>>> print(open('coords.cif').read())   # mmCIF, C-alpha atoms
data_protein
loop_
_atom_site.label_atom_id
_atom_site.label_comp_id
_atom_site.auth_asym_id
_atom_site.auth_seq_id
_atom_site.Cartn_x
_atom_site.Cartn_y
_atom_site.Cartn_z
CA MET A 2 40.00 -18.89 4.53
CA SER A 3 38.34 -18.59 1.14
CA LEU A 4 35.28 -20.55 0.10
CA TYR A 5 37.34 -22.48 -2.44
CA TRP A 6 39.79 -23.78 0.16
CA ARG A 7 37.04 -24.64 2.65
CA ILE A 8 35.24 -26.83 0.12
CA PHE A 9 38.51 -28.36 -1.07
CA LEU A 10 39.67 -29.26 2.45
CA LEU A 11 36.26 -30.64 3.33
CA ASN A 12 36.24 -33.03 0.38
CA ALA A 13 39.91 -33.88 0.96
CA ALA A 14 39.15 -34.83 4.57
CA VAL A 15 36.38 -37.16 3.42
CA LEU A 16 38.63 -38.86 0.87
CA VAL A 17 41.55 -39.17 3.30
CA THR A 18 39.26 -40.78 5.87
CA ALA A 19 38.10 -43.31 3.30
CA VAL A 20 41.68 -44.17 2.33
CA LEU A 21 42.74 -44.58 5.97
CA LEU A 22 39.88 -46.98 6.53
CA LEU A 23 41.03 -49.04 3.56
CA LEU A 24 44.64 -49.13 4.84
CA GLY A 25 43.67 -49.88 8.43
CA PRO A 26 42.88 -53.14 10.13
CA VAL A 27 39.35 -53.15 8.87
CA THR A 28 38.87 -55.94 6.32
CA VAL A 29 36.05 -57.02 4.11
CA SER A 30 35.33 -60.71 3.65
CA THR A 31 34.24 -62.39 0.46
CA PRO A 32 31.32 -62.77 0.46
CA ILE A 33 30.77 -59.70 2.65
CA LEU A 34 29.42 -60.34 6.08
CA PHE A 35 26.34 -58.59 7.46
CA GLY A 36 28.24 -56.80 10.25
CA GLU A 37 30.88 -55.52 7.83
CA ALA A 38 28.21 -54.21 5.46
CA VAL A 39 26.53 -52.36 8.31
CA VAL A 40 29.84 -50.73 9.33
CA LEU A 41 30.63 -49.66 5.75
CA LEU A 42 27.16 -48.26 5.14
CA ALA A 43 27.16 -46.43 8.48
CA GLY A 44 30.55 -44.87 7.75
CA LEU A 45 29.45 -43.81 4.25
CA ALA A 46 26.24 -42.29 5.60
CA ALA A 47 28.14 -40.39 8.31
CA MET A 48 30.57 -38.93 5.75
CA LEU A 49 27.78 -37.90 3.38
CA ILE A 50 25.79 -36.28 6.18
CA ALA A 51 28.82 -34.40 7.46
CA ASN A 52 29.63 -33.21 3.95
CA ALA A 53 26.05 -32.06 3.34
CA VAL A 54 25.79 -30.21 6.67
CA LEU A 55 29.08 -28.41 6.27
CA LEU A 56 28.30 -27.42 2.70
CA ARG A 57 24.87 -26.18 3.75
CA ILE A 58 26.39 -24.01 6.47
CA GLY A 59 29.08 -22.67 4.16
CA LEU A 60 26.73 -21.85 1.26
CA ALA A 61 23.76 -20.56 3.32
CA PRO A 62 24.79 -16.87 2.90
CA LEU A 63 24.75 -17.32 -0.87
CA GLY A 64 21.20 -18.66 -0.69
CA ARG A 65 20.05 -15.68 1.36
CA LEU A 66 21.75 -13.32 -1.07
CA THR A 67 19.97 -15.02 -3.98
CA ARG A 68 16.58 -14.59 -2.30
CA ALA A 69 17.36 -10.92 -1.63
CA MET A 70 18.26 -10.41 -5.29
CA SER A 71 14.99 -11.98 -6.48
CA ALA A 72 12.87 -9.86 -4.10
CA VAL A 73 14.44 -6.45 -4.76
CA ASP A 74 12.22 -3.69 -6.20
CA LEU A 75 13.78 -0.44 -7.39
CA LEU A 76 10.47 1.37 -6.83
CA ARG A 77 10.81 0.53 -3.12
CA PRO A 78 14.38 1.59 -2.39
CA GLY A 79 16.33 1.09 0.78
CA SER A 80 16.28 -2.71 1.06
CA ARG A 81 19.75 -4.21 1.34
CA ALA A 82 21.07 -7.72 1.79
CA ARG A 83 22.58 -8.50 5.20
CA VAL A 84 26.37 -8.75 5.05
CA GLU A 85 27.36 -12.08 6.58
CA GLY A 86 29.59 -15.03 5.91
CA PRO A 87 33.35 -15.09 5.63
CA GLY A 88 35.62 -14.05 2.82
CA GLU A 89 34.23 -13.89 -0.70
CA VAL A 90 30.59 -14.20 0.41
CA ALA A 91 30.76 -10.98 2.47
CA ASP A 92 32.61 -9.22 -0.35
CA LEU A 93 29.99 -10.37 -2.86
CA THR A 94 27.16 -9.11 -0.62
CA MET A 95 28.81 -5.71 -0.15
CA SER A 96 29.40 -5.42 -3.89
CA TYR A 97 25.76 -6.26 -4.55
CA ASN A 98 24.56 -3.62 -2.08
CA ALA A 99 26.80 -1.02 -3.69
CA MET A 100 25.54 -1.96 -7.14
CA LEU A 101 21.94 -1.72 -5.90
CA GLY A 102 22.61 1.78 -4.57
CA ARG A 103 23.99 2.86 -7.93
CA LEU A 104 21.00 1.36 -9.75
CA GLU A 105 18.57 3.19 -7.45
CA ALA A 106 20.39 6.48 -7.99
CA GLU A 107 20.45 6.00 -11.77
CA ARG A 108 16.76 4.98 -11.76
CA ALA A 109 15.83 8.07 -9.77
CA GLY A 110 17.82 10.31 -12.12
CA SER A 111 16.37 8.79 -15.28
CA SER A 112 12.84 8.95 -13.83
CA ALA A 113 13.34 12.61 -12.94
CA ARG A 114 14.45 13.41 -16.48
CA ALA A 115 11.60 11.40 -18.01
CA LEU A 116 8.96 13.00 -15.80
CA SER A 117 10.39 16.46 -16.42
CA ALA A 118 10.20 15.86 -20.16
CA GLN A 119 6.67 14.52 -19.74
CA GLU A 120 5.55 17.62 -17.83
CA ALA A 121 7.13 19.85 -20.47
CA GLU A 122 5.31 17.94 -23.21
CA ARG A 123 2.04 18.18 -21.26
CA ARG A 124 2.55 21.94 -20.96
CA ARG A 125 3.26 22.28 -24.67
CA ILE A 126 0.22 20.25 -25.72
CA ALA A 127 -2.05 22.11 -23.29
CA GLN A 128 -0.77 25.44 -24.61
CA GLU A 129 -1.40 24.39 -28.20
CA LEU A 130 -4.88 23.15 -27.35
CA HIS A 131 -5.67 26.45 -25.68
CA ASP A 132 -4.06 28.76 -28.22
CA GLU A 133 -4.73 26.92 -31.47
CA VAL A 134 -7.74 24.61 -31.17
CA GLY A 135 -9.47 26.66 -28.49
CA GLN A 136 -9.16 29.92 -30.36
CA THR A 137 -10.28 28.28 -33.60
CA LEU A 138 -13.39 26.81 -31.98
CA THR A 139 -14.14 30.15 -30.35
CA ALA A 140 -14.02 31.81 -33.77
CA VAL A 141 -16.27 29.07 -35.17
CA LEU A 142 -18.78 29.73 -32.38
CA LEU A 143 -18.87 33.42 -33.20
CA GLN A 144 -19.35 32.70 -36.91
CA LEU A 145 -22.14 30.22 -36.16
CA LYS A 146 -23.87 32.76 -33.95
CA HIS A 147 -23.60 35.38 -36.67
CA ALA A 148 -24.93 32.93 -39.28
CA ALA A 149 -27.76 31.74 -37.00
CA ASP A 150 -28.91 35.31 -36.38
CA ARG A 151 -29.25 35.93 -40.12
CA ALA A 152 -30.52 32.47 -41.15
CA PRO A 153 -34.21 31.66 -41.76
CA ASP A 154 -36.13 29.86 -39.04
CA PRO A 155 -35.86 26.26 -40.42
CA LEU A 156 -32.07 26.56 -40.69
CA ARG A 157 -31.60 28.54 -37.48
CA GLU A 158 -32.51 25.60 -35.25
CA GLU A 159 -29.92 23.35 -36.93
CA LEU A 160 -27.27 26.06 -36.57
CA HIS A 161 -28.08 26.34 -32.87
CA GLN A 162 -27.57 22.59 -32.48
CA VAL A 163 -24.21 22.80 -34.25
CA GLN A 164 -23.34 25.73 -32.03
CA GLU A 165 -24.10 23.73 -28.88
CA THR A 166 -22.05 20.79 -30.16
CA THR A 167 -19.13 23.11 -30.85
CA ARG A 168 -19.44 24.69 -27.40
CA THR A 169 -19.43 21.23 -25.78
CA SER A 170 -16.30 20.31 -27.71
CA LEU A 171 -14.64 23.55 -26.63
CA ASP A 172 -15.44 22.84 -22.98
CA GLU A 173 -14.02 19.32 -23.32
CA ILE A 174 -10.80 20.66 -24.87
CA ARG A 175 -10.45 23.17 -22.03
CA ARG A 176 -10.99 20.38 -19.50
CA ILE A 177 -8.31 18.24 -21.16
CA ALA A 178 -5.93 21.21 -21.21
CA ARG A 179 -6.50 21.80 -17.48
CA ARG A 180 -5.71 18.17 -16.73
CA LEU A 181 -2.59 18.26 -18.85
CA ARG A 182 -1.29 21.43 -17.25
CA PRO A 183 -2.70 22.36 -13.83
CA GLY A 184 -2.48 26.12 -14.23
CA ILE A 185 -4.47 26.65 -11.06
CA LEU A 186 -1.68 24.88 -9.16
CA GLU A 187 0.84 27.47 -10.29
CA GLU A 188 -1.49 30.42 -9.77
CA LEU A 189 -3.45 29.62 -6.59
CA GLY A 190 -1.54 26.80 -4.92
CA LEU A 191 -2.15 23.20 -3.93
CA HIS A 192 -5.26 23.72 -1.81
CA SER A 193 -7.22 25.43 -4.56
CA ALA A 194 -5.93 22.94 -7.13
CA LEU A 195 -7.21 19.99 -5.07
CA ARG A 196 -10.60 21.64 -4.66
CA ALA A 197 -10.84 22.19 -8.41
CA LEU A 198 -9.67 18.62 -9.08
CA THR A 199 -12.34 17.08 -6.87
CA ALA A 200 -14.96 19.26 -8.55
CA GLU A 201 -13.91 17.93 -11.98
CA PHE A 202 -14.44 14.30 -10.95
CA ARG A 203 -17.72 14.92 -9.16
CA SER A 204 -20.69 13.54 -11.11
CA GLY A 205 -24.14 12.07 -10.63
CA SER A 206 -22.75 8.60 -9.92
CA LEU A 207 -19.61 9.64 -8.01
CA THR A 208 -19.45 11.80 -4.90
CA VAL A 209 -16.05 13.38 -4.28
CA ARG A 210 -15.33 15.24 -1.05
CA HIS A 211 -12.15 17.07 -0.10
CA VAL A 212 -11.00 17.71 3.47
CA ILE A 213 -8.02 20.02 4.01
CA GLY A 214 -6.84 20.05 7.59
CA PRO A 215 -5.77 23.16 9.48
CA GLY A 216 -2.19 24.32 9.47
CA VAL A 217 -1.08 22.48 6.34
CA PRO A 218 2.19 24.18 5.37
CA ARG A 219 3.16 25.17 1.88
CA LEU A 220 5.23 22.66 -0.08
CA ASP A 221 7.87 23.39 -2.66
CA ASP A 222 6.88 23.38 -6.32
CA ALA A 223 8.11 19.85 -7.06
CA ALA A 224 6.32 18.38 -4.03
CA GLU A 225 3.07 20.19 -4.83
CA LEU A 226 3.14 18.85 -8.38
CA VAL A 227 3.74 15.30 -7.13
CA VAL A 228 0.87 15.55 -4.63
CA TYR A 229 -1.44 16.89 -7.34
CA ARG A 230 -0.52 14.18 -9.85
CA VAL A 231 -0.89 11.38 -7.28
CA ALA A 232 -4.33 12.69 -6.29
CA GLN A 233 -5.27 12.98 -9.96
CA GLU A 234 -4.20 9.41 -10.73
CA ALA A 235 -5.94 8.04 -7.61
CA LEU A 236 -9.19 9.81 -8.53
CA THR A 237 -8.91 8.55 -12.11
CA ASN A 238 -8.49 4.95 -10.91
CA ALA A 239 -11.43 5.31 -8.53
CA ALA A 240 -13.68 6.74 -11.24
CA ARG A 241 -12.70 4.38 -14.08
CA HIS A 242 -11.70 1.06 -12.53
CA ALA A 243 -12.80 0.81 -8.89
CA ARG A 244 -16.55 1.24 -9.50
CA ALA A 245 -16.59 3.62 -6.56
CA THR A 246 -19.55 5.76 -5.57
CA ALA A 247 -17.79 7.97 -2.99
CA VAL A 248 -14.22 9.25 -2.75
CA GLU A 249 -12.61 11.35 -0.03
CA VAL A 250 -9.45 13.42 -0.54
CA HIS A 251 -7.72 14.37 2.72
CA LEU A 252 -4.72 16.68 3.07
CA ALA A 253 -3.36 17.08 6.60
CA VAL A 254 -0.15 17.63 8.50
CA ARG A 255 1.26 14.86 10.70
CA PRO A 256 2.81 15.35 14.15
CA ASP A 257 6.32 14.95 12.71
CA GLY A 258 5.75 17.82 10.26
CA ALA A 259 5.17 15.66 7.20
CA VAL A 260 2.18 16.31 4.96
CA ARG A 261 -0.11 13.36 4.21
CA LEU A 262 -2.37 13.01 1.21
CA LEU A 263 -5.03 10.33 1.61
CA VAL A 264 -7.40 9.34 -1.20
CA ARG A 265 -9.98 6.83 0.04
CA ASP A 266 -12.74 5.26 -2.08
CA ASP A 267 -15.45 2.70 -1.47
CA GLY A 268 -14.82 0.71 -4.64
CA ARG A 269 -13.99 -2.93 -5.15
CA GLY A 270 -10.34 -2.55 -4.11
CA ILE A 271 -7.15 -3.72 -5.76
CA GLY A 272 -7.39 -7.38 -4.76
CA ALA A 273 -4.84 -9.65 -6.38
CA ALA A 274 -4.41 -7.43 -9.43
CA GLY A 275 -0.88 -6.35 -10.21
CA GLU A 276 0.27 -2.76 -10.25
CA GLY A 277 -0.28 -1.09 -13.59
CA ALA A 278 1.47 1.82 -15.25
CA GLY A 279 -0.56 4.35 -13.26
CA ILE A 280 0.51 3.05 -9.84
CA GLN A 281 4.10 2.65 -10.99
CA GLY A 282 4.03 6.24 -12.20
CA MET A 283 2.84 7.35 -8.76
CA ARG A 284 5.68 5.45 -7.11
CA GLU A 285 8.25 7.01 -9.43
CA ARG A 286 6.91 10.49 -8.68
CA ALA A 287 7.02 9.81 -4.94
CA LEU A 288 10.66 8.75 -5.21
CA LEU A 289 11.58 12.11 -6.76
CA ILE A 290 10.79 13.99 -3.55
CA GLY A 291 11.62 11.23 -1.08
CA ALA A 292 7.95 10.64 -0.20
CA ASP A 293 6.45 7.36 1.02
CA LEU A 294 3.59 5.92 -1.04
CA ALA A 295 1.37 3.16 0.33
CA ILE A 296 -1.56 1.60 -1.53
CA GLY A 297 -3.81 -0.91 0.16
CA GLY A 298 -7.28 -1.72 1.36
CA GLY A 299 -9.32 0.74 3.35
CA PRO A 300 -10.79 0.12 6.81
CA GLN A 301 -14.24 -0.54 5.30
CA GLY A 302 -13.20 -1.89 1.91
CA GLY A 303 -12.19 0.05 -1.13
CA THR A 304 -8.69 1.43 -1.65
CA ASP A 305 -6.51 3.80 0.33
CA VAL A 306 -3.76 5.75 -1.41
CA ARG A 307 -1.45 7.40 1.14
CA LEU A 308 1.37 9.76 0.24
CA ASP A 309 3.56 11.11 3.04
CA VAL A 310 5.67 14.08 1.96
CA PRO A 311 8.65 14.61 4.29
CA ALA A 312 9.01 17.78 6.31
CA VAL A 313 12.10 18.76 4.31
CA ALA A 314 9.82 19.74 1.40
CA THR A 315 7.89 22.14 3.65
CA ALA A 316 11.13 23.51 5.07
CA ALA A 317 12.46 24.14 1.56
CA ALA A 318 9.26 25.97 0.64
CA SER A 319 9.44 28.09 3.81
CA ALA A 320 13.08 28.96 3.15
CA HIS A 321 12.26 29.91 -0.43
CA ALA A 322 9.35 32.09 0.70
CA ALA A 323 11.52 33.79 3.33
CA ALA A 324 14.28 34.45 0.80
CA THR A 325 11.76 35.89 -1.65
CA ALA A 326 10.31 38.16 1.03
CA THR A 327 13.77 39.35 2.03
CA GLU A 328 14.69 40.15 -1.57
CA THR A 329 11.42 42.01 -2.04
CA ALA A 330 11.95 44.07 1.11
CA ALA A 331 15.53 44.88 0.18
CA ALA A 332 14.71 45.83 -3.40
CA PRO A 333 14.89 49.60 -4.12
CA GLU A 334 11.73 51.45 -4.95
CA THR A 335 11.09 51.89 -8.65
CA THR A 336 9.09 54.49 -10.44
CA THR A 337 6.46 53.20 -12.83
CA THR A 338 6.03 55.12 -16.04
CA THR A 339 2.75 54.77 -17.91
CA THR A 340 2.93 55.00 -21.66
CA THR A 341 -0.15 55.51 -23.74
CA THR A 342 -0.26 53.32 -26.80
CA THR A 343 -2.33 54.28 -29.75
CA GLY A 344 -3.38 52.41 -32.81
CA ARG A 345 -3.91 48.70 -33.01
CA GLY A 346 -0.77 47.83 -31.06
CA LEU A 347 -2.76 47.85 -27.81
CA GLY A 348 -5.15 45.22 -29.08
CA GLU A 349 -2.38 42.98 -30.31
CA GLY A 350 -1.04 41.99 -26.92
CA LYS A 351 -0.25 38.37 -26.23
CA ARG A 352 -3.12 36.33 -24.77
#
>>> encode(input="coords.cif", output="structure tokens")
Amino acid sequence: MSLYWRIFLLNAAVLVTAVLLLLGPVTVSTPILFGEAVVLLAGLAAMLIANAVLLRIGLAPLGRLTRAMSAVDLLRPGSRARVEGPGEVADLTMSYNAMLGRLEAERAGSSARALSAQEAERRRIAQELHDEVGQTLTAVLLQLKHAADRAPDPLREELHQVQETTRTSLDEIRRIARRLRPGILEELGLHSALRALTAEFRSGSLTVRHVIGPGVPRLDDAAELVVYRVAQEALTNAARHARATAVEVHLAVRPDGAVRLLVRDDGRGIGAAGEGAGIQGMRERALLIGADLAIGGGPQGGTDVRLDVPAVATAAASAHAAATATETAAAPETTTTTTTTTGRGLGEGKR
């Protein structure tokens, strides 16, 4: 029976009962007697209570569905409303769960496209900083050195100061380019990239230590990039906002084959502060590879950022490595021909 007919029949039963009482032997005196007033009020109260209880029972699934809708978070997928209640209520709950699944899939797809475009833009900017600004500043350094060597003593000291300022700016640009595009991640892998990342954040007021456990398997390219970016964002938050003095970066393999990244600091913790764009970005990256991200307080204060990468990412990397090795072994031997290039063409190779 549909919800409409249940409510209709419930109200109809109440009204029919009232009419039957009026047509029955029960009479009301004028003025009304005390006993008659008590009977009428008791009957009215009984009908109202019955109506309220039955409506509460019938509409309870809608209330639970409303609370589930208000608590849903697309950055924490997998939560679904419990299908219960008869008729239209169950159909509405199932439709809501299906809609939520489509929204999560569309959110994951749009986030993947946005992050891919962001990484491509980071790569382009880093390349331009290295090729354009970096090369220009390098040329300026050489010109300043040449001018300082030929300048008189009073001017030479000023040129040396300008030269040091230019060299500092060049180092800063290179550091920014490395953060935009982790070239060491592509060339040497995740372990070396994490070591270099912790070295970048290490300073006189912040101690950063990395611990890479034994037997950590290789991850696929997408998973390694996510792990690197999450570690980078966690270290940035610890250095800029947490007022931390010590940070530990752990990378280890769990008994179930998953790889866990743990960034633990001794700062002031998150507290009641809401999640900003940085934490939301970490959650979106974790969703791309099906990883679990948990952010909370540490055992001795501070903040713990835990990222658990599923074993499927390591299996995909192992399969890719095995396929590459098989193709390399099956490839026919090739003969390398060395050509001597004369003139300035040899010096004009791409940097």
>>> atom_distance(input="coords.cif", atom1="atom CA of A:Arg176", atom2="atom CA of A:Gly270")
27.6 Å
>>> residues_near_point(input="coords.cif", point="(-21.9, 24.4, -32.0)", cutoff="10 Å", atoms="all atoms listed in the file", output="JSON, numbers by chain")
{"A": [138, 139, 141, 142, 143, 144, 145, 146, 159, 160, 161, 162, 163, 164, 165, 166, 167, 168, 169, 170, 171]}
>>> resolve_selection(input="coords.cif", expression="the PyMOL selection byres ((chain A and resi 193-202) around 10)", output="compact mmCIF listing (two decimals) with C-alpha atoms, in the frame of the given file")
# COMPACT_ATOMS: atom_id res chain seq x y z
CA ARG A 176 -10.99 20.38 -19.50
CA ARG A 179 -6.50 21.80 -17.48
CA ARG A 180 -5.71 18.17 -16.73
CA PRO A 183 -2.70 22.36 -13.83
CA GLY A 184 -2.48 26.12 -14.23
CA ILE A 185 -4.47 26.65 -11.06
CA LEU A 186 -1.68 24.88 -9.16
CA GLU A 187 0.84 27.47 -10.29
CA GLU A 188 -1.49 30.42 -9.77
CA LEU A 189 -3.45 29.62 -6.59
CA GLY A 190 -1.54 26.80 -4.92
CA LEU A 191 -2.15 23.20 -3.93
CA HIS A 192 -5.26 23.72 -1.81
CA ARG A 203 -17.72 14.92 -9.16
CA SER A 204 -20.69 13.54 -11.11
CA GLY A 205 -24.14 12.07 -10.63
CA LEU A 207 -19.61 9.64 -8.01
CA THR A 208 -19.45 11.80 -4.90
CA VAL A 209 -16.05 13.38 -4.28
CA ARG A 210 -15.33 15.24 -1.05
CA HIS A 211 -12.15 17.07 -0.10
CA VAL A 212 -11.00 17.71 3.47
CA ILE A 213 -8.02 20.02 4.01
CA GLU A 225 3.07 20.19 -4.83
CA VAL A 228 0.87 15.55 -4.63
CA TYR A 229 -1.44 16.89 -7.34
CA ALA A 232 -4.33 12.69 -6.29
CA GLN A 233 -5.27 12.98 -9.96
CA LEU A 236 -9.19 9.81 -8.53
CA THR A 237 -8.91 8.55 -12.11
CA ALA A 239 -11.43 5.31 -8.53
CA ALA A 240 -13.68 6.74 -11.24
CA VAL A 248 -14.22 9.25 -2.75
CA GLU A 249 -12.61 11.35 -0.03
CA VAL A 250 -9.45 13.42 -0.54
CA HIS A 251 -7.72 14.37 2.72
CA LEU A 252 -4.72 16.68 3.07
>>> atom_distance(input="coords.cif", atom1="atom CA of A:Arg114", atom2="atom CA of A:Gly282")
13.4 Å
>>> residues_around(input="coords.cif", residues="stretch 284-289 of chain A", least_positions_apart="5", cutoff="10 Å", atoms="all atoms listed in the file", output="PyMOL selection string")
chain A and resi 75-78+105+108-110+112-113+116+223-224+226-228+230-231+278-279+294-296+308-310
>>> atom_distance(input="coords.cif", atom1="atom CA of A:Ala99", atom2="atom CA of A:Gly291")
19.7 Å
>>> closest_residue(input="coords.cif", among="A:Ala152, A:Ile174, A:Ala106, A:Ala14", to="A:Met48", atoms="only C-alpha atoms")
A:Ala14
>>> resolve_selection(input="coords.cif", expression="the PyMOL selection byres ((chain A and resi 91-98) around 12)", output="ChimeraX atom specification")
/A:3-4,59-67,69-70,73,78-90,99-105
>>> residues_around(input="coords.cif", residues="A:Ala259", least_positions_apart="3", cutoff="8 Å", atoms="all atoms listed in the file", output="list in words")
Val254, Arg255, Pro256, Asp309, Val310, Pro311, Ala312 and Thr315 of chain A
>>> resolve_selection(input="coords.cif", expression="the PyMOL selection byres ((chain A and resi 134) around 12)", output="count of residues only")
24
>>> closest_residue(input="coords.cif", among="A:Glu120, A:Asp267, A:Asp221, A:Asp74", to="A:Gly302", atoms="all atoms listed in the file")
A:Asp267
